[in-house]
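Student: Supplied in structure tokens, the structure appears directly below.
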Amino acid sequence: MRDLHDQPGVSVQSPCVRNCCLDENDVCMGCGRHIEEILVWHQAGGEERENIIAVARQRLLERKNRQRFQGF
């Protein structure tokens with residue numbers, strides 16, 4: 001999915017799934033990015049974007065595991 005804020009010449013696309021809602025830690029419930037990562041996305045290069053995506057995926061996995069543990 002191509003984001004309107006993708007940087008020209010950078011092939012790493014936005015992980016946005018258009019389910020934007022921030023939790024109590026300012027992390028998007030849809031893509032797992034922190035608000036600061038969302039704000040810098042358009043300025044980030046390919047390697048930084050890959051790092052943001054990796055961290056976001058880990059956050060989503062941890063949230064899913066917490067919810068499973070808590071019985072949600």
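Simple scheme: letters A, B, ... for chains in structure tokens order, numbers from 1 for residues in each chain, numbers from 1 for ligands in the order shown.
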Distance table requested - stretch 24-63 of chain A against stretch 9-18 of chain A, cut-off 7 Å, only C-alpha atoms: one row per qualifying residue with the closest atom pair and its distance in Å to one decimal, ordered by chain and rising residue number, as a tab-separated table.
Tutor:
```
residue	atom	partner	partner_atom	distance
A:Gly30	CA	A:Val17	CA	6.0
A:Cys31	CA	A:Cys16	CA	5.4
A:Gly45	CA	A:Val10	CA	6.5
A:Gly46	CA	A:Val10	CA	5.6
A:Arg49	CA	A:Val12	CA	6.5
A:Glu50	CA	A:Val12	CA	6.9
A:Ile53	CA	A:Pro15	CA	6.9
```
Student: Enumerate as a ChimeraX atom specification all residues of chain A assigned to alpha helix (DSSP H) by DSSP on the backbone, naming them with the chain letters and numbers the document uses.
Tutor: /A:35-40,46-70
Student: For the selection you just gave me, I'd like the residues written to a file as a compact mmCIF listing (two decimals), in the first residue's frame, keeping N, CA and C atoms.
Tutor:
```
# COMPACT_ATOMS: atom_id res chain seq x y z
N ILE A 35 3.42 7.38 17.53
CA ILE A 35 3.07 8.64 16.86
C ILE A 35 4.32 9.34 16.31
N GLU A 36 5.42 9.28 17.03
CA GLU A 36 6.66 9.91 16.56
C GLU A 36 7.16 9.23 15.28
N GLU A 37 7.01 7.92 15.20
CA GLU A 37 7.44 7.19 14.00
C GLU A 37 6.53 7.54 12.81
N ILE A 38 5.25 7.72 13.08
CA ILE A 38 4.32 8.12 12.03
C ILE A 38 4.70 9.50 11.50
N LEU A 39 5.03 10.41 12.40
CA LEU A 39 5.36 11.77 12.01
C LEU A 39 6.65 11.89 11.21
N VAL A 40 7.64 11.03 11.49
CA VAL A 40 8.92 11.12 10.77
C VAL A 40 8.96 10.23 9.53
N GLY A 46 15.15 4.46 3.58
CA GLY A 46 14.76 3.06 3.51
C GLY A 46 15.13 2.23 4.74
N GLU A 47 16.36 2.36 5.21
CA GLU A 47 16.81 1.58 6.37
C GLU A 47 16.03 1.99 7.63
N GLU A 48 15.83 3.27 7.82
CA GLU A 48 15.08 3.74 8.99
C GLU A 48 13.63 3.24 8.93
N ARG A 49 13.05 3.25 7.74
CA ARG A 49 11.68 2.74 7.58
C ARG A 49 11.61 1.25 7.91
N GLU A 50 12.59 0.50 7.46
CA GLU A 50 12.62 -0.93 7.77
C GLU A 50 12.71 -1.16 9.27
N ASN A 51 13.51 -0.34 9.95
CA ASN A 51 13.62 -0.45 11.41
C ASN A 51 12.30 -0.10 12.09
N ILE A 52 11.64 0.94 11.62
CA ILE A 52 10.34 1.33 12.18
C ILE A 52 9.34 0.20 12.02
N ILE A 53 9.30 -0.40 10.84
CA ILE A 53 8.37 -1.50 10.58
C ILE A 53 8.67 -2.69 11.49
N ALA A 54 9.94 -3.01 11.67
CA ALA A 54 10.31 -4.15 12.52
C ALA A 54 9.85 -3.92 13.96
N VAL A 55 10.08 -2.73 14.47
CA VAL A 55 9.67 -2.41 15.84
C VAL A 55 8.15 -2.41 15.96
N ALA A 56 7.48 -1.87 14.95
CA ALA A 56 6.01 -1.83 14.95
C ALA A 56 5.42 -3.23 14.95
N ARG A 57 5.98 -4.11 14.14
CA ARG A 57 5.51 -5.51 14.11
C ARG A 57 5.67 -6.17 15.47
N GLN A 58 6.79 -5.91 16.10
CA GLN A 58 7.04 -6.47 17.43
C GLN A 58 6.01 -5.95 18.43
N ARG A 59 5.71 -4.66 18.36
CA ARG A 59 4.69 -4.10 19.25
C ARG A 59 3.34 -4.78 19.05
N LEU A 60 2.95 -4.97 17.78
CA LEU A 60 1.67 -5.61 17.49
C LEU A 60 1.64 -7.04 18.02
N LEU A 61 2.74 -7.76 17.85
CA LEU A 61 2.83 -9.13 18.35
C LEU A 61 2.73 -9.17 19.86
N GLU A 62 3.43 -8.26 20.53
CA GLU A 62 3.37 -8.20 22.00
C GLU A 62 1.97 -7.85 22.47
N ARG A 63 1.28 -6.94 21.78
CA ARG A 63 -0.09 -6.59 22.14
C ARG A 63 -1.00 -7.81 21.99
N LYS A 64 -0.86 -8.51 20.89
CA LYS A 64 -1.67 -9.70 20.64
C LYS A 64 -1.43 -10.75 21.73
N ASN A 65 -0.17 -10.95 22.10
CA ASN A 65 0.16 -11.92 23.14
C ASN A 65 -0.40 -11.51 24.50
N ARG A 66 -0.34 -10.21 24.81
CA ARG A 66 -0.90 -9.72 26.07
C ARG A 66 -2.41 -9.94 26.11
N GLN A 67 -3.07 -9.65 25.01
CA GLN A 67 -4.51 -9.81 24.94
C GLN A 67 -4.90 -11.28 25.08
N ARG A 68 -4.13 -12.15 24.45
CA ARG A 68 -4.39 -13.58 24.56
C ARG A 68 -4.21 -14.04 26.00
N PHE A 69 -3.16 -13.55 26.65
CA PHE A 69 -2.88 -13.91 28.04
C PHE A 69 -3.97 -13.40 28.98
N GLN A 70 -4.49 -12.20 28.67
CA GLN A 70 -5.51 -11.59 29.51
C GLN A 70 -6.92 -12.08 29.15
```
Student: From a backbone DSSP assignment, name each residue in chain A labelled strand (DSSP E or B), as a ChimeraX atom specification.
Tutor: /A:22,27-28,34
